[in-house]
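Structure, as structure tokens:
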Amino acid sequence: MARIEQSNGLAGRSFPPGSEKDRTAESGPAESGPDSADPQELQTDKYGFMGGAQQYSGQSTEDVPAEVLRQREAKWLDMLNHWDKWMAKKHKKVKLRCQKGVPPSLRGRAWLYLCGGKVKREQNRGKFQDLDSQPGDPKWVDVIERDLHRQFPFHEMFVARGGHGQQDLFRVLKAYTLHRPEEGYCQAQAPIAAVLLMHMPAEDAFWGLVQICEKYLPGYYSKGLEAIQLDGEILFSLLKKVSPVAHRHLKKHKMEPILYMTEWFMCAFSRTLPWASVLRVWDMFLCEGVKIIFRVGLVLLKCMLGSPEKLKKSQGLYETMELLKALPPAYMEEGFLVREVVESPVSERDIEREHVAQRRRWEESRGELRCRSPGRMHGARAIITAEPPRRQDLQQNPTILVESPPAAAAPPSNGGPGEDPAGGKGKKKKKKRKNKEEEKAAPSVPPSAPSDPPRSLKDGSRQASEESLSSQEHDSYL
């Protein structure tokens, strides 16, 4: 069995099989990855998947023409280079471009800016390295180890046990348990961190996870799962306005929202939708906040249970559960789903109004909430408004550092070609003739090999190269 290398703080540890964490939903055995398959038979799609339900399919995605993609990349580069101005004055334009989809080459950097992880990282330099160097709580370390091979086993990053993807995933999750020891680790955090790692280095993924857990979905991963239960009641109440037929059906069979929406919300649909749809949903989610997650859930419930004809296949609670587990590809297709989500009338105000009402009912029937999580922020604009960044926190650090050798000192020029400093040309011509005669008389000497650069220059170049490889900003440039 493969073992993780010393570098990730798991020296000599293996990945023992085990059960899931108690406070998370029960799940079946992990989906077997393509470890045993012939590597020559495996074909990796453009997202890095070698198989599985989330592998690329032309029917589930919309391909953007190359010319359009280049134009969008140029626009996004301009936005990212002037992020504070765009968020302050042109947020609607940013939202529109997120709805169209972030260019793949810039998605990692864009996500980090949208969620505020870039600012957090700059304001806490060295924090991740400090957490990464610590051994971690053995209680959480053991649980994290058992979950690593369950995360996207058909993706090239996570297909190998002990591979670089699983190493980085362990580092990010372990660091979070040290960053929030009172919260620890929840199984649903692993796919969130894995999606981030597919687009950015471990340190950036850590701060992205911190922002999602603290700003977008606060309390979701705390003990008791009270926040996710409360949002389930909000979803059910909003469904009454969006699809009364579906609402009546679920109410008739006394189907608690926690039964069907837990994985949807806690994993931000990363384990439910085709990958092209996952990326588009995350583009909008990190820009506009949790209302996107509510909208996706409402769209799926309406599509599956929104008419009497569709309800004929689900006459009871068990049949309804099976129906919601087997979502038809047509409802999850990228273009259809994004259009339905964008056109959904559910707003931040609707969610907050329902949150106040459902919390009051919760306290009347169950008492005070034990989890005192901070209020959530609805997207990138709310985050940057609540925590205004410094200009230097948004600056781009160069990824590749190149140290050029110093130019050789040229002799000082006292005049134009063929001119004598004193104003005469005769001495210059005589000197040229003399040099030619000396060249003819001199024996032919083979050209010497270029001399090695000074040791100090070698060391400087090597140091710059190492700094580049360990750079904290891994960006894609055109």
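The way I read the labels, and the way they are meant: chains A, B, ... in the order of the structure tokens, residue 1 as the first residue of every chain, and ligand 1 as the first ligand shown, with later ones counted on from there.
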message = Just list as number ranges by chain whatever in range 187-259 of chain A DSSP marks as alpha helix (DSSP H).
response = A: 189-197, 202-211, 226-242, 244-252, 258-259
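Around range 318-333 of chain A, within 9 Å and counting only C-alpha atoms, the residues found are A:Gln59, A:Ser60, A:Thr61, A:Glu62, A:Leu250, A:Met255, A:Leu259, A:Tyr260, A:Thr272, A:Leu273, A:Pro274, A:Ala276, A:Ser277, A:Val299, A:Leu300, A:Leu301, A:Cys303, A:Met304, A:Leu305, A:Leu311, A:Lys313, A:Ser314, A:Leu337, A:Val338, once anything fewer than 4 positions away on its own chain is removed.
Take CA of Glu363 in chain A and CA of Ala227 in chain A: the distance between them is 13.0 Å.
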Taking only C-alpha atoms into account, produce a table as CSV in which each residue of range 170-212 of chain A with an atom at most 9 Å from an atom of range 158-166 of chain A appears once, together with its shortest atom pair and the distance in Å to one decimal, ordered by chain and rising number.
```
residue,atom,partner,partner_atom,distance
A:Phe170,CA,A:Gln166,CA,6.1
A:Arg171,CA,A:Gln166,CA,8.6
A:Ala194,CA,A:Gly165,CA,8.3
A:Leu197,CA,A:Gly165,CA,7.7
A:Met198,CA,A:Gly165,CA,8.5
```
Can you write just those residues out, N, CA and C atoms, as a short mmCIF file (atom, residue, chain, number, x, y, z; two decimals), in the first residue's frame?
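Saved as result-v1.cif:
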```cif
data_model
loop_
_atom_site.label_atom_id
_atom_site.label_comp_id
_atom_site.auth_asym_id
_atom_site.auth_seq_id
_atom_site.Cartn_x
_atom_site.Cartn_y
_atom_site.Cartn_z
N PHE A 170 -4.68 16.17 2.23
CA PHE A 170 -4.44 15.95 3.65
C PHE A 170 -3.90 17.20 4.32
N ARG A 171 -2.94 17.87 3.68
CA ARG A 171 -2.33 19.07 4.26
C ARG A 171 -3.37 20.15 4.49
N ALA A 194 -11.06 19.46 -2.25
CA ALA A 194 -10.56 18.78 -3.45
C ALA A 194 -10.85 19.60 -4.71
N LEU A 197 -8.40 22.38 -4.85
CA LEU A 197 -7.05 21.92 -5.20
C LEU A 197 -6.91 21.62 -6.69
N MET A 198 -8.00 21.31 -7.35
CA MET A 198 -7.93 21.09 -8.79
C MET A 198 -7.60 22.37 -9.55
#
```
request  = Give me, please, the distance in Å between CA of Arg121 in chain A and CA of Trp207 in chain A, quoted to one decimal.
outcome  =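 Distance reported for this atom pair: 6.4 Å.
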query = Which residue, A:Arg339, A:Asp283, A:Leu317, A:Ala205, has the smallest gap to Lys251 in chain A when you use only C-alpha atoms?
reply = A:Leu317
request  = Within 10 Å of Leu173 in chain A, counting only C-alpha atoms, which residues show up once you throw out same-chain ones fewer than 4 positions away? Write them as a ChimeraX atom specification, please.
outcome  = /A:132,140-141,144-145,148,168-169,177-179,184-187,189-190,193-194,202,205-206,209
inquiry  = Please list as a list in words every residue within 10 Å of range 88-91 of chain A, counting only C-alpha atoms and excluding residues in the same chain fewer than 3 positions away.
reply    = Met79, Trp83, Asp84, Lys85, Val94, Lys95, Leu96, Arg97, Cys287, Ala380, Arg381, Ile384 and Thr385 of chain A
Could you write those residues out with C-alpha atoms, as a PDB file, in the first residue's frame?
```pdb
ATOM      1  CA  MET A  79     -10.722  42.836 -13.844  1.00  0.00           C
ATOM      2  CA  TRP A  83     -10.205  44.120  -8.642  1.00  0.00           C
ATOM      3  CA  ASP A  84     -11.122  46.685  -5.985  1.00  0.00           C
ATOM      4  CA  LYS A  85     -12.330  49.189  -8.582  1.00  0.00           C
ATOM      5  CA  VAL A  94     -18.552  41.021 -12.618  1.00  0.00           C
ATOM      6  CA  LYS A  95     -21.694  39.065 -11.730  1.00  0.00           C
ATOM      7  CA  LEU A  96     -22.719  38.868 -15.385  1.00  0.00           C
ATOM      8  CA  ARG A  97     -19.298  37.544 -16.383  1.00  0.00           C
ATOM      9  CA  CYS A 287     -19.675  35.581  -6.709  1.00  0.00           C
ATOM     10  CA  ALA A 380     -17.878  38.550  -3.075  1.00  0.00           C
ATOM     11  CA  ARG A 381     -19.262  42.071  -2.805  1.00  0.00           C
ATOM     12  CA  ILE A 384     -14.979  42.940   0.237  1.00  0.00           C
ATOM     13  CA  THR A 385     -17.353  45.559   1.722  1.00  0.00           C
TER      14      THR A 385
END
```
request  = Would you work out the distance separating CA of Lys100 in chain A from CA of Trp76 in chain A, expressed in Å to one decimal?
outcome  = 11.8 Å
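Within the 10 Å cut-off around Leu298 in chain A, using only C-alpha atoms and omitting residues fewer than 2 positions from it on the same chain, the listed residues are Leu235, Phe236, Leu238, Leu239, Lys240, Val242, Ser243, Ala246, Ile292, Ile293, Phe294, Arg295, Val296, Leu300, Leu301, Lys302, Cys303, Met304, Glu340, Val341, Ser344 and Val346 of chain A.
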query = Between A:Ser373, A:Gln43, A:Ser307, A:Ser270, which has the minimum distance to His247 in chain A (counting only C-alpha atoms)?
reply =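 Counting only C-alpha atoms, the residue closest to His247 in chain A is A:Ser307.
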